[in-house]
$ cat input-v1.pdb   # PDB, C-alpha atoms and all ligand atoms
ATOM      1  CA  MET C   1    -205.112  11.612 -46.397
ATOM      2  CA  ASP C   2    -208.125   9.829 -47.904
ATOM      3  CA  THR C   3    -210.524   9.497 -44.931
ATOM      4  CA  ALA C   4    -212.418   6.563 -46.476
ATOM      5  CA  THR C   5    -209.347   4.376 -47.040
ATOM      6  CA  GLY C   6    -206.906   5.921 -44.556
ATOM      7  CA  LYS C   7    -204.221   6.024 -47.305
ATOM      8  CA  ARG C   8    -201.961   8.938 -48.047
ATOM      9  CA  ASP C   9    -203.151  10.708 -51.218
ATOM     10  CA  CYS C  10    -199.612  11.179 -52.507
ATOM     11  CA  ILE C  11    -198.902   7.433 -52.862
ATOM     12  CA  PRO C  12    -200.649   6.092 -55.948
ATOM     13  CA  SER C  13    -202.342   2.714 -55.773
ATOM     14  CA  CYS C  14    -201.373  -0.319 -57.792
ATOM     15  CA  ASP C  15    -203.278  -0.559 -61.097
ATOM     16  CA  SER C  16    -204.021  -4.227 -60.337
ATOM     17  CA  CYS C  17    -205.129  -3.945 -56.677
ATOM     18  CA  ASP C  18    -205.562  -1.422 -53.844
ATOM     19  CA  GLU C  19    -202.065  -1.765 -52.371
ATOM     20  CA  PRO C  20    -199.668   1.202 -52.551
ATOM     21  CA  ALA C  21    -197.578   1.224 -55.715
ATOM     22  CA  VAL C  22    -193.799   0.839 -55.471
ATOM     23  CA  TYR C  23    -193.063   1.152 -59.183
ATOM     24  CA  PHE C  24    -194.328   3.077 -62.172
ATOM     25  CA  ASN C  25    -193.712   1.597 -65.595
ATOM     26  CA  PRO C  26    -193.586   4.711 -67.824
ATOM     27  CA  GLY C  27    -193.655   2.688 -71.056
ATOM     28  CA  LEU C  28    -196.901   0.924 -70.103
ATOM     29  CA  GLN C  29    -198.137   3.792 -67.876
ATOM     30  CA  ARG C  30    -198.887   1.369 -65.018
ATOM     31  CA  HIS C  31    -198.387   1.619 -61.259
ATOM     32  CA  LEU C  32    -197.582  -1.675 -59.518
ATOM     33  CA  CYS C  33    -197.420  -2.776 -55.872
ATOM     34  CA  GLU C  34    -194.691  -5.130 -54.623
ATOM     35  CA  ARG C  35    -196.705  -8.279 -55.321
ATOM     36  CA  HIS C  36    -197.882  -7.262 -58.784
ATOM     37  CA  LEU C  37    -194.432  -6.009 -59.791
ATOM     38  CA  CYS C  38    -192.956  -9.427 -58.889
ATOM     39  CA  LEU C  39    -195.761 -11.262 -60.708
ATOM     40  CA  ASP C  40    -195.274  -9.020 -63.751
ATOM     41  CA  VAL C  41    -191.507  -9.660 -63.820
ATOM     42  CA  GLU C  42    -192.006 -13.438 -63.473
ATOM     43  CA  HIS C  43    -194.692 -13.363 -66.183
ATOM     44  CA  ARG C  44    -192.326 -11.629 -68.629
ATOM     45  CA  VAL C  45    -189.566 -14.137 -67.903
ATOM     46  CA  ILE C  46    -191.973 -17.052 -68.506
ATOM     47  CA  GLU C  47    -193.099 -15.372 -71.767
ATOM     48  CA  SER C  48    -189.497 -14.915 -72.943
ATOM     49  CA  VAL C  49    -188.441 -18.453 -72.063
ATOM     50  CA  THR C  50    -191.522 -19.975 -73.675
ATOM     51  CA  SER C  51    -191.799 -17.852 -76.812
ATOM     52  CA  HIS C  52    -188.066 -18.142 -77.623
ATOM     53  CA  GLY C  53    -187.916 -21.891 -76.779
ATOM     54  CA  MET C  54    -185.116 -21.232 -74.280
ATOM     55  CA  VAL C  55    -185.747 -24.368 -72.176
ATOM     56  CA  HIS C  56    -186.720 -27.878 -73.287
ATOM     57  CA  ASP C  57    -187.420 -31.146 -71.491
ATOM     58  CA  GLY C  58    -184.160 -32.960 -70.731
ATOM     59  CA  ASP C  59    -182.106 -29.739 -70.574
ATOM     60  CA  LEU C  60    -179.343 -29.099 -68.067
ATOM     61  CA  VAL C  61    -179.364 -25.311 -67.757
ATOM     62  CA  ALA C  62    -176.155 -23.813 -66.345
ATOM     63  CA  VAL C  63    -176.876 -20.391 -64.855
ATOM     64  CA  GLY C  64    -173.903 -18.019 -64.888
ATOM     65  CA  LEU C  65    -174.072 -16.812 -61.293
ATOM     66  CA  SER C  66    -171.785 -13.891 -60.476
ATOM     67  CA  GLY C  67    -173.497 -13.359 -57.125
ATOM     68  CA  GLY C  68    -174.685  -9.887 -58.195
ATOM     69  CA  LYS C  69    -178.362  -8.975 -58.340
ATOM     70  CA  ASP C  70    -179.067  -9.765 -62.014
ATOM     71  CA  SER C  71    -177.784 -13.325 -62.022
ATOM     72  CA  SER C  72    -179.143 -13.976 -58.507
ATOM     73  CA  VAL C  73    -182.631 -12.841 -59.523
ATOM     74  CA  LEU C  74    -182.342 -14.924 -62.717
ATOM     75  CA  LEU C  75    -181.417 -18.053 -60.761
ATOM     76  CA  SER C  76    -184.209 -17.512 -58.209
ATOM     77  CA  ILE C  77    -186.857 -17.049 -60.910
ATOM     78  CA  LEU C  78    -185.669 -20.006 -63.019
ATOM     79  CA  CYS C  79    -185.647 -22.273 -59.950
ATOM     80  CA  CYS C  80    -189.247 -21.218 -59.357
ATOM     81  CA  ILE C  81    -190.679 -21.430 -62.900
ATOM     82  CA  VAL C  82    -188.694 -24.180 -64.664
ATOM     83  CA  PRO C  83    -189.491 -27.267 -62.504
ATOM     84  CA  GLU C  84    -193.236 -26.513 -62.801
ATOM     85  CA  ARG C  85    -193.109 -26.445 -66.592
ATOM     86  CA  TRP C  86    -190.213 -28.540 -67.912
ATOM     87  CA  ASP C  87    -188.387 -31.713 -66.994
ATOM     88  CA  ALA C  88    -185.120 -29.787 -66.881
ATOM     89  CA  GLU C  89    -182.363 -29.389 -64.291
ATOM     90  CA  ILE C  90    -180.734 -26.137 -63.177
ATOM     91  CA  VAL C  91    -177.190 -25.777 -61.867
ATOM     92  CA  ALA C  92    -175.109 -22.668 -61.165
ATOM     93  CA  ILE C  93    -171.589 -21.840 -62.350
ATOM     94  CA  THR C  94    -169.600 -19.030 -60.758
ATOM     95  CA  VAL C  95    -166.364 -17.765 -62.262
ATOM     96  CA  ASP C  96    -163.917 -16.277 -59.776
ATOM     97  CA  GLU C  97    -161.830 -13.891 -61.879
ATOM     98  CA  GLY C  98    -159.600 -13.009 -58.952
ATOM     99  CA  ILE C  99    -160.499  -9.376 -58.246
ATOM    100  CA  ALA C 100    -159.357  -8.389 -54.771
ATOM    101  CA  GLY C 101    -161.819  -6.568 -52.524
ATOM    102  CA  TYR C 102    -164.801  -7.444 -54.722
ATOM    103  CA  ARG C 103    -165.060 -11.126 -55.543
ATOM    104  CA  GLU C 104    -164.919 -12.509 -51.982
ATOM    105  CA  GLU C 105    -168.291 -11.010 -50.964
ATOM    106  CA  THR C 106    -170.120 -11.710 -54.223
ATOM    107  CA  ILE C 107    -168.970 -15.356 -54.212
ATOM    108  CA  GLN C 108    -170.168 -15.722 -50.626
ATOM    109  CA  SER C 109    -173.538 -14.317 -51.722
ATOM    110  CA  ALA C 110    -173.653 -16.845 -54.612
ATOM    111  CA  VAL C 111    -172.814 -19.738 -52.266
ATOM    112  CA  SER C 112    -175.567 -18.722 -49.788
ATOM    113  CA  LEU C 113    -178.157 -18.439 -52.569
ATOM    114  CA  THR C 114    -177.408 -21.844 -54.102
ATOM    115  CA  GLN C 115    -177.509 -23.457 -50.645
ATOM    116  CA  GLN C 116    -180.850 -21.783 -49.977
ATOM    117  CA  LEU C 117    -182.232 -22.976 -53.346
ATOM    118  CA  GLY C 118    -180.677 -26.433 -52.940
ATOM    119  CA  ILE C 119    -178.970 -26.563 -56.329
ATOM    120  CA  GLN C 120    -175.524 -27.735 -57.463
ATOM    121  CA  HIS C 121    -172.931 -24.974 -57.595
ATOM    122  CA  HIS C 122    -169.638 -25.150 -59.521
ATOM    123  CA  ILE C 123    -166.966 -22.512 -58.911
ATOM    124  CA  VAL C 124    -164.103 -22.149 -61.402
ATOM    125  CA  THR C 125    -161.215 -19.700 -61.100
ATOM    126  CA  PHE C 126    -159.059 -17.752 -63.581
ATOM    127  CA  GLN C 127    -156.087 -18.879 -61.466
ATOM    128  CA  SER C 128    -156.725 -22.570 -62.121
ATOM    129  CA  LEU C 129    -157.807 -22.122 -65.762
ATOM    130  CA  PHE C 130    -155.346 -19.488 -66.982
ATOM    131  CA  GLY C 131    -152.602 -19.671 -64.347
ATOM    132  CA  LYS C 132    -153.206 -16.123 -63.017
ATOM    133  CA  THR C 133    -155.895 -13.975 -61.410
ATOM    134  CA  LEU C 134    -157.374 -11.103 -63.433
ATOM    135  CA  ASP C 135    -155.574  -8.657 -61.130
ATOM    136  CA  SER C 136    -152.184 -10.188 -61.952
ATOM    137  CA  LEU C 137    -152.947 -10.605 -65.670
ATOM    138  CA  LEU C 138    -153.768  -6.918 -65.967
ATOM    139  CA  GLY C 139    -150.512  -5.961 -64.372
ATOM    140  CA  SER C 140    -148.684  -6.831 -67.574
ATOM    141  CA  TYR C 141    -151.223  -6.001 -70.243
ATOM    142  CA  PRO C 142    -152.562  -2.629 -71.356
ATOM    143  CA  LEU C 143    -156.005  -3.860 -72.422
ATOM    144  CA  ARG C 144    -158.959  -2.405 -70.605
ATOM    145  CA  ALA C 145    -159.870  -4.674 -67.696
ATOM    146  CA  CYS C 146    -163.411  -5.424 -68.833
ATOM    147  CA  THR C 147    -162.316  -6.527 -72.313
ATOM    148  CA  ALA C 148    -159.887  -9.125 -70.921
ATOM    149  CA  CYS C 149    -162.314 -10.099 -68.162
ATOM    150  CA  GLY C 150    -165.238 -10.543 -70.585
ATOM    151  CA  ILE C 151    -163.294 -12.687 -73.088
ATOM    152  CA  LEU C 152    -161.746 -14.965 -70.452
ATOM    153  CA  ARG C 153    -164.914 -15.283 -68.371
ATOM    154  CA  LYS C 154    -166.870 -16.330 -71.452
ATOM    155  CA  LYS C 155    -164.333 -19.079 -72.110
ATOM    156  CA  ALA C 156    -164.357 -20.119 -68.440
ATOM    157  CA  PHE C 157    -168.162 -20.474 -68.515
ATOM    158  CA  SER C 158    -168.098 -22.442 -71.774
ATOM    159  CA  ASP C 159    -165.415 -24.824 -70.495
ATOM    160  CA  ALA C 160    -167.202 -25.355 -67.169
ATOM    161  CA  ALA C 161    -170.571 -25.857 -68.885
ATOM    162  CA  ARG C 162    -169.069 -28.365 -71.326
ATOM    163  CA  GLU C 163    -167.410 -30.210 -68.440
ATOM    164  CA  ILE C 164    -170.791 -30.870 -66.781
ATOM    165  CA  ALA C 165    -172.535 -31.534 -70.131
ATOM    166  CA  ALA C 166    -174.861 -28.532 -69.799
ATOM    167  CA  THR C 167    -177.160 -27.980 -72.768
ATOM    168  CA  SER C 168    -177.392 -24.195 -72.322
ATOM    169  CA  ILE C 169    -175.867 -21.295 -70.416
ATOM    170  CA  ALA C 170    -178.326 -18.770 -68.960
ATOM    171  CA  THR C 171    -176.986 -15.290 -68.304
ATOM    172  CA  GLY C 172    -178.505 -12.390 -66.361
ATOM    173  CA  HIS C 173    -178.347  -9.852 -69.205
ATOM    174  CA  ASN C 174    -181.277  -7.480 -68.900
ATOM    175  CA  LEU C 175    -183.022  -4.975 -71.179
ATOM    176  CA  ASP C 176    -180.660  -2.108 -70.249
ATOM    177  CA  ASP C 177    -177.572  -4.298 -70.888
ATOM    178  CA  ALA C 178    -178.891  -5.206 -74.345
ATOM    179  CA  ALA C 179    -179.593  -1.555 -75.266
ATOM    180  CA  GLN C 180    -176.120  -0.560 -74.003
ATOM    181  CA  SER C 181    -174.479  -3.290 -76.107
ATOM    182  CA  VAL C 182    -176.222  -2.006 -79.245
ATOM    183  CA  LEU C 183    -175.111   1.569 -78.497
ATOM    184  CA  MET C 184    -171.535   0.443 -77.753
ATOM    185  CA  ASN C 185    -171.314  -1.395 -81.070
ATOM    186  CA  TYR C 186    -172.595   1.701 -82.904
ATOM    187  CA  LEU C 187    -170.158   3.982 -81.096
ATOM    188  CA  ARG C 188    -167.245   1.641 -81.856
ATOM    189  CA  GLY C 189    -168.382   1.299 -85.466
ATOM    190  CA  ASP C 190    -168.368  -2.486 -84.947
ATOM    191  CA  PHE C 191    -171.099  -3.385 -87.434
ATOM    192  CA  GLU C 192    -170.116  -7.038 -87.685
ATOM    193  CA  ARG C 193    -170.885  -7.463 -84.001
ATOM    194  CA  LEU C 194    -173.939  -5.214 -84.250
ATOM    195  CA  LEU C 195    -175.490  -7.372 -86.972
ATOM    196  CA  ARG C 196    -174.442 -10.728 -85.522
ATOM    197  CA  ASP C 197    -177.367 -12.999 -84.873
ATOM    198  CA  SER C 198    -176.557 -14.652 -81.556
ATOM    199  CA  SER C 199    -179.226 -17.317 -82.138
ATOM    200  CA  SER C 200    -176.972 -18.917 -84.758
ATOM    201  CA  MET C 201    -174.212 -19.570 -82.193
ATOM    202  CA  GLU C 202    -175.439 -23.045 -81.246
ATOM    203  CA  ASP C 203    -175.348 -24.239 -84.852
ATOM    204  CA  ARG C 204    -171.731 -23.121 -85.097
ATOM    205  CA  GLY C 205    -170.532 -25.358 -82.274
ATOM    206  CA  PHE C 206    -171.078 -23.159 -79.189
ATOM    207  CA  ILE C 207    -173.223 -24.105 -76.215
ATOM    208  CA  ARG C 208    -176.550 -22.316 -76.579
ATOM    209  CA  ARG C 209    -176.733 -19.064 -74.587
ATOM    210  CA  ILE C 210    -180.066 -17.848 -73.298
ATOM    211  CA  LYS C 211    -181.039 -14.486 -71.750
ATOM    212  CA  PRO C 212    -184.352 -14.946 -69.913
ATOM    213  CA  LEU C 213    -184.216 -11.424 -68.358
ATOM    214  CA  HIS C 214    -183.912  -9.646 -71.701
ATOM    215  CA  GLU C 215    -187.373  -8.052 -71.343
ATOM    216  CA  VAL C 216    -186.815  -6.872 -67.741
ATOM    217  CA  ASN C 217    -185.045  -3.620 -66.929
ATOM    218  CA  GLU C 218    -182.438  -2.991 -64.251
ATOM    219  CA  LYS C 219    -184.748  -1.049 -61.938
ATOM    220  CA  GLU C 220    -187.305  -3.858 -61.952
ATOM    221  CA  ILE C 221    -184.569  -6.393 -61.157
ATOM    222  CA  THR C 222    -183.269  -4.249 -58.283
ATOM    223  CA  LEU C 223    -186.771  -3.942 -56.808
ATOM    224  CA  TYR C 224    -187.456  -7.666 -57.302
ATOM    225  CA  SER C 225    -184.231  -8.481 -55.479
ATOM    226  CA  MET C 226    -185.014  -6.081 -52.603
ATOM    227  CA  ILE C 227    -188.633  -7.217 -52.206
ATOM    228  CA  ASN C 228    -187.652 -10.898 -52.127
ATOM    229  CA  GLY C 229    -184.483 -10.383 -50.070
ATOM    230  CA  ILE C 230    -182.322 -12.098 -52.726
ATOM    231  CA  THR C 231    -179.129 -10.048 -52.408
ATOM    232  CA  GLY C 232    -178.011  -7.481 -49.886
ATOM    233  CA  HIS C 233    -175.667  -4.578 -50.533
ATOM    234  CA  LEU C 234    -172.639  -5.814 -52.510
ATOM    235  CA  PRO C 235    -169.410  -4.015 -53.435
ATOM    236  CA  GLU C 236    -168.871  -2.782 -56.985
ATOM    237  CA  CYS C 237    -166.023  -4.133 -59.092
ATOM    238  CA  PRO C 238    -163.091  -1.698 -58.798
ATOM    239  CA  TYR C 239    -162.603  -1.824 -62.590
ATOM    240  CA  ALA C 240    -166.271  -0.952 -63.343
ATOM    241  CA  THR C 241    -165.697   2.801 -63.480
ATOM    242  CA  THR C 242    -162.992   2.402 -66.135
ATOM    243  CA  ALA C 243    -165.320   0.492 -68.475
ATOM    244  CA  PHE C 244    -166.639   2.021 -71.685
ATOM    245  CA  ARG C 245    -169.955   0.439 -70.665
ATOM    246  CA  ALA C 246    -170.080   2.715 -67.613
ATOM    247  CA  GLU C 247    -170.087   5.782 -69.884
ATOM    248  CA  VAL C 248    -172.684   4.250 -72.201
ATOM    249  CA  ARG C 249    -174.842   3.230 -69.207
ATOM    250  CA  THR C 250    -175.083   6.881 -68.131
ATOM    251  CA  LEU C 251    -176.032   7.891 -71.674
ATOM    252  CA  GLN C 252    -178.630   5.117 -72.041
ATOM    253  CA  ALA C 253    -180.188   5.880 -68.632
ATOM    254  CA  ALA C 254    -180.531   9.556 -69.578
ATOM    255  CA  ILE C 255    -182.146   8.702 -72.936
ATOM    256  CA  GLU C 256    -184.549   6.241 -71.276
ATOM    257  CA  TYR C 257    -185.494   8.829 -68.634
ATOM    258  CA  GLN C 258    -186.256  11.500 -71.229
ATOM    259  CA  HIS C 259    -187.869   9.122 -73.724
ATOM    260  CA  PRO C 260    -189.488   6.156 -71.920
ATOM    261  CA  GLY C 261    -189.360   2.983 -73.974
ATOM    262  CA  ALA C 262    -186.268   4.133 -75.925
ATOM    263  CA  SER C 263    -184.229   1.087 -74.787
ATOM    264  CA  HIS C 264    -186.833  -1.242 -76.251
ATOM    265  CA  ARG C 265    -186.810   0.670 -79.517
ATOM    266  CA  ILE C 266    -182.988   0.593 -79.690
ATOM    267  CA  ILE C 267    -183.121  -3.215 -79.438
ATOM    268  CA  GLN C 268    -185.989  -3.528 -81.918
ATOM    269  CA  GLY C 269    -183.998  -1.412 -84.388
ATOM    270  CA  GLN C 270    -180.978  -3.684 -84.025
ATOM    271  CA  GLU C 271    -183.151  -6.786 -84.562
ATOM    272  CA  SER C 272    -184.648  -5.300 -87.754
ATOM    273  CA  LEU C 273    -181.171  -4.419 -89.044
ATOM    274  CA  SER C 274    -179.940  -7.922 -88.270
ATOM    275  CA  GLU C 275    -182.920  -9.439 -90.126
ATOM    276  CA  GLN C 276    -182.320  -7.193 -93.150
ATOM    277  CA  ALA C 277    -178.615  -8.015 -93.138
ATOM    278  CA  LYS C 278    -179.374 -11.747 -93.213
ATOM    279  CA  LYS C 279    -181.125 -11.225 -96.548
ATOM    280  CA  THR C 280    -178.352  -9.226 -98.161
ATOM    281  CA  VAL C 281    -175.051 -10.168 -96.509
ATOM    282  CA  ARG C 282    -173.382 -13.435 -97.481
ATOM    283  CA  PRO C 283    -173.716 -16.104 -94.780
ATOM    284  CA  CYS C 284    -170.653 -16.633 -92.551
ATOM    285  CA  GLY C 285    -168.375 -19.426 -93.668
ATOM    286  CA  ALA C 286    -167.924 -22.865 -92.151
ATOM    287  CA  VAL C 287    -167.067 -22.909 -88.472
ATOM    288  CA  ARG C 288    -163.337 -23.029 -87.663
ATOM    289  CA  TYR C 289    -161.700 -24.392 -84.539
ATOM    290  CA  CYS C 290    -159.054 -22.699 -82.431
ATOM    291  CA  ALA C 291    -155.589 -24.105 -83.145
ATOM    292  CA  THR C 292    -154.720 -23.827 -79.432
ATOM    293  CA  CYS C 293    -157.772 -24.990 -77.452
ATOM    294  CA  GLY C 294    -160.093 -26.465 -80.101
ATOM    295  CA  ASP C 295    -163.033 -24.152 -79.316
ATOM    296  CA  PRO C 296    -165.194 -23.034 -82.244
ATOM    297  CA  CYS C 297    -164.166 -19.577 -83.468
ATOM    298  CA  SER C 298    -164.090 -17.362 -86.544
ATOM    299  CA  GLY C 299    -160.294 -16.996 -86.992
ATOM    300  CA  PRO C 300    -157.265 -19.278 -86.600
ATOM    301  CA  VAL C 301    -157.362 -18.972 -82.776
ATOM    302  CA  CYS C 302    -160.193 -18.013 -80.433
ATOM    303  CA  GLN C 303    -160.284 -14.610 -78.684
ATOM    304  CA  ALA C 304    -159.288 -16.105 -75.316
ATOM    305  CA  CYS C 305    -156.205 -17.913 -76.670
ATOM    306  CA  GLY C 306    -155.246 -14.832 -78.700
ATOM    307  CA  LEU C 307    -155.446 -12.702 -75.573
ATOM    308  CA  LEU C 308    -153.474 -15.182 -73.438
ATOM    309  CA  ALA C 309    -150.780 -15.495 -76.125
ATOM    310  CA  GLY C 310    -150.482 -11.680 -76.102
ATOM    311  CA  LEU C 311    -150.099 -11.686 -72.320
ATOM    312  CA  LYS C 312    -147.330 -14.292 -72.423
ATOM    313  CA  LYS C 313    -145.360 -12.192 -74.922
TER     314      LYS C 313
HETATM  315 FE1  LIG I   1    -164.998  -7.911 -65.113
HETATM  316 FE2  LIG I   1    -165.286  -5.328 -65.828
HETATM  317 FE3  LIG I   1    -167.345  -6.674 -64.747
HETATM  318 FE4  LIG I   1    -165.215  -6.015 -63.260
HETATM  319  S1  LIG I   1    -166.674  -4.593 -64.237
HETATM  320  S2  LIG I   1    -166.254  -8.016 -63.274
HETATM  321  S3  LIG I   1    -163.538  -6.239 -64.742
HETATM  322  S4  LIG I   1    -166.374  -7.104 -66.725
HETATM  323 ZN    ZN I   2    -201.079  -4.744 -56.746
END

$ encode --input "input-v1.pdb" --output "structure tokens"
Amino acid sequence: MDTATGKRDCIPSCDSCDEPAVYFNPGLQRHLCERHLCLDVEHRVIESVTSHGMVHDGDLVAVGLSGGKDSSVLLSILCCIVPERWDAEIVAITVDEGIAGYREETIQSAVSLTQQLGIQHHIVTFQSLFGKTLDSLLGSYPLRACTACGILRKKAFSDAAREIAATSIATGHNLDDAAQSVLMNYLRGDFERLLRDSSSMEDRGFIRRIKPLHEVNEKEITLYSMINGITGHLPECPYATTAFRAEVRTLQAAIEYQHPGASHRIIQGQESLSEQAKKTVRPCGAVRYCATCGDPCSGPVCQACGLLAGLKK
């Protein structure tokens, strides 16, 4: 015990004030207290949104709100920083995939948060859009759950965002998610996806997608959520353990632990590769439209319609 301050010696102080630290950022070698961690997270989100021109005056930003901690923290921060800086509106869209024992609680959490923040909340379901819940779709199809879920949820968000004339879709993807996606594409040998420049999506007929949390890691989001009481304990999706991402997450967490800052470097490497590829690889051809639903896509039908056609067979 330090007799002058009365603090326990074993708890380091925040590098920005005298409060006890709750988080150590190994990349930056900084200890932060609750208040300065939250300010630091918000500052990085403002930096990302501003420097990448993610929000403009007149925008209607649709936040993809699953009810989990990432999207709930994203919505809370955007509702705090956007009205002060831009003449833009924020709404939330939740997709109910129909996953028994998981979705009920997370949707309730999403409803409570939007009521608390006083913003419009649209809920769309796989049942109404595709005629079946994810649980029943999987019963007849051997695809891994997360592949089908990801493709159909993306379409559900796009359709719902288009319906309300949203100008962009904000998702809660964080730094760890981005590093995992790069590793997954490497491990699958999917270099087309690895080199794809997502910023070109808008020009090709898609609604612009923005990721304001892309500089914030999962641990920081968890702490931000706990400190601000944004989400409580929520169940995990029963399919999560079967996902390839779950294996890659363990790998990425171990690499980051042993080599702090590795996740950042993985993403920077992918961005450099993508830049180099733009100079040497021929540009993608004119945008095509799905023969079934009319969505922009790269083949004769979009991924969602291809998947649904497979399920019907
Ligand atoms: Fe969908 Fe997989 Fe996420 Fe569950 S873990 S919600 S199946 S993507
Ligand atoms: Zn502090």

$ residues_around --input "input-v1.pdb" --residues "Glu89 in chain C" --least-positions-apart "3" --cutoff "7 Å" --atoms "all atoms listed in the file" --output "PDB file with C-alpha atoms, in the frame of the given file"
ATOM      1  CA  ASP C  59    -182.106 -29.739 -70.574  1.00  0.00           C
ATOM      2  CA  LEU C  60    -179.343 -29.099 -68.067  1.00  0.00           C
ATOM      3  CA  VAL C  61    -179.364 -25.311 -67.757  1.00  0.00           C
TER       4      VAL C  61
END

$ closest_atom_pairs --input "input-v1.pdb" --of "chain C" --to "ligand LIG 1 (chain I)" --cutoff "7 Å" --atoms "all atoms listed in the file" --output "JSON lines"
{"residue": "C:Ala145", "atom": "CA", "partner": "I:LIG1", "partner_atom": "S3", "distance": 5.0}
{"residue": "C:Cys146", "atom": "CA", "partner": "I:LIG1", "partner_atom": "FE2", "distance": 3.5}
{"residue": "C:Thr147", "atom": "CA", "partner": "I:LIG1", "partner_atom": "S4", "distance": 6.9}
{"residue": "C:Cys149", "atom": "CA", "partner": "I:LIG1", "partner_atom": "FE1", "distance": 4.6}
{"residue": "C:Gly150", "atom": "CA", "partner": "I:LIG1", "partner_atom": "S4", "distance": 5.3}
{"residue": "C:Cys237", "atom": "CA", "partner": "I:LIG1", "partner_atom": "FE4", "distance": 4.6}
{"residue": "C:Pro238", "atom": "CA", "partner": "I:LIG1", "partner_atom": "FE4", "distance": 6.6}
{"residue": "C:Tyr239", "atom": "CA", "partner": "I:LIG1", "partner_atom": "FE4", "distance": 5.0}
{"residue": "C:Ala240", "atom": "CA", "partner": "I:LIG1", "partner_atom": "S1", "distance": 3.8}
{"residue": "C:Ala243", "atom": "CA", "partner": "I:LIG1", "partner_atom": "FE2", "distance": 6.4}

$ resolve_selection --input "input-v1.pdb" --expression "the PyMOL selection byres (((chain C and resi 82) around 12) and not hetatm)" --output "MDAnalysis selection string"
chainID C and resid 42 45:46 49:50 54:61 74:81 83:91 212

$ closest_residue --input "input-v1.pdb" --among "C:Val95, C:Ala304, C:Leu195, C:Val73" --to "Ser128 in chain C" --atoms "only C-alpha atoms"
C:Val95

$ atom_distance --input "input-v1.pdb" --atom1 "CA of Asp18 in chain C" --atom2 "CA of Ile227 in chain C"
18.0 Å

$ resolve_selection --input "input-v1.pdb" --expression "the PyMOL selection byres (((not hetatm)) within 8 of (chain I and resi 2))" --output "VMD selection string"
chain C and resid 13 to 21 32 to 37

$ closest_residue --input "input-v1.pdb" --among "C:Gly232, C:Ser225, C:Asp135, C:Arg245" --to "Gly101 in chain C" --atoms "all atoms listed in the file"
C:Asp135

$ closest_residue --input "input-v1.pdb" --among "C:Val216, C:Leu273, C:Ala179, C:Ala148" --to "Arg196 in chain C" --atoms "only C-alpha atoms"
C:Leu273

$ residues_around --input "input-v1.pdb" --residues "Ile267 in chain C" --least-positions-apart "5" --cutoff "9 Å" --atoms "all atoms listed in the file" --output "PyMOL selection string"
chain C and resi 175+178-179+182+262+272

$ residues_near_point --input "input-v1.pdb" --point "(-176.0, -26.8, -69.3)" --cutoff "12 Å" --atoms "all atoms listed in the file" --output "count of residues only"
38

$ atom_distance --input "input-v1.pdb" --atom1 "CA of Val301 in chain C" --atom2 "CA of Tyr289 in chain C"
7.2 Å

$ atom_distance --input "input-v1.pdb" --atom1 "CA of Lys132 in chain C" --atom2 "CA of Thr242 in chain C"
21.2 Å

$ residues_around --input "input-v1.pdb" --residues "Asp70 in chain C" --least-positions-apart "4" --cutoff "10 Å" --atoms "all atoms listed in the file" --output "ChimeraX atom specification"
/C:65-66,74-75,171-174,213,217-218,221-222,224-225,231

$ write_last_selection --input "input-v1.pdb" --atoms "C-alpha atoms" --output "mmCIF file, in the frame of the given file"
data_model
loop_
_atom_site.group_PDB
_atom_site.id
_atom_site.type_symbol
_atom_site.label_atom_id
_atom_site.label_comp_id
_atom_site.auth_asym_id
_atom_site.auth_seq_id
_atom_site.Cartn_x
_atom_site.Cartn_y
_atom_site.Cartn_z
ATOM 1 C CA LEU C 65 -174.072 -16.812 -61.293
ATOM 2 C CA SER C 66 -171.785 -13.891 -60.476
ATOM 3 C CA LEU C 74 -182.342 -14.924 -62.717
ATOM 4 C CA LEU C 75 -181.417 -18.053 -60.761
ATOM 5 C CA THR C 171 -176.986 -15.290 -68.304
ATOM 6 C CA GLY C 172 -178.505 -12.390 -66.361
ATOM 7 C CA HIS C 173 -178.347 -9.852 -69.205
ATOM 8 C CA ASN C 174 -181.277 -7.480 -68.900
ATOM 9 C CA LEU C 213 -184.216 -11.424 -68.358
ATOM 10 C CA ASN C 217 -185.045 -3.620 -66.929
ATOM 11 C CA GLU C 218 -182.438 -2.991 -64.251
ATOM 12 C CA ILE C 221 -184.569 -6.393 -61.157
ATOM 13 C CA THR C 222 -183.269 -4.249 -58.283
ATOM 14 C CA TYR C 224 -187.456 -7.666 -57.302
ATOM 15 C CA SER C 225 -184.231 -8.481 -55.479
ATOM 16 C CA THR C 231 -179.129 -10.048 -52.408
#

$ resolve_selection --input "input-v1.pdb" --expression "the PyMOL selection byres (((chain C and resi 98) around 6) and not hetatm)" --output "list of chain:residue names"
C:Asp96, C:Glu97, C:Ile99, C:Thr133, C:Leu134

$ closest_residue --input "input-v1.pdb" --among "C:Leu137, C:Val248, C:Val22, C:Ile123" --to "Met226 in chain C" --atoms "all atoms listed in the file"
C:Val22

$ closest_residue --input "input-v1.pdb" --among "C:Leu223, C:Val124, C:Val287, C:Leu138" --to "Gly310 in chain C" --atoms "only C-alpha atoms"
C:Leu138

$ axis_aligned_box --input "input-v1.pdb" --around "range 162-170 of chain C" --padding-each-side "5 Å" --output "lines of an AutoDock Vina configuration file"
center_x = -172.9
center_y = -25.2
center_z = -69.8
size_x = 20.9
size_y = 22.8
size_z = 16.0
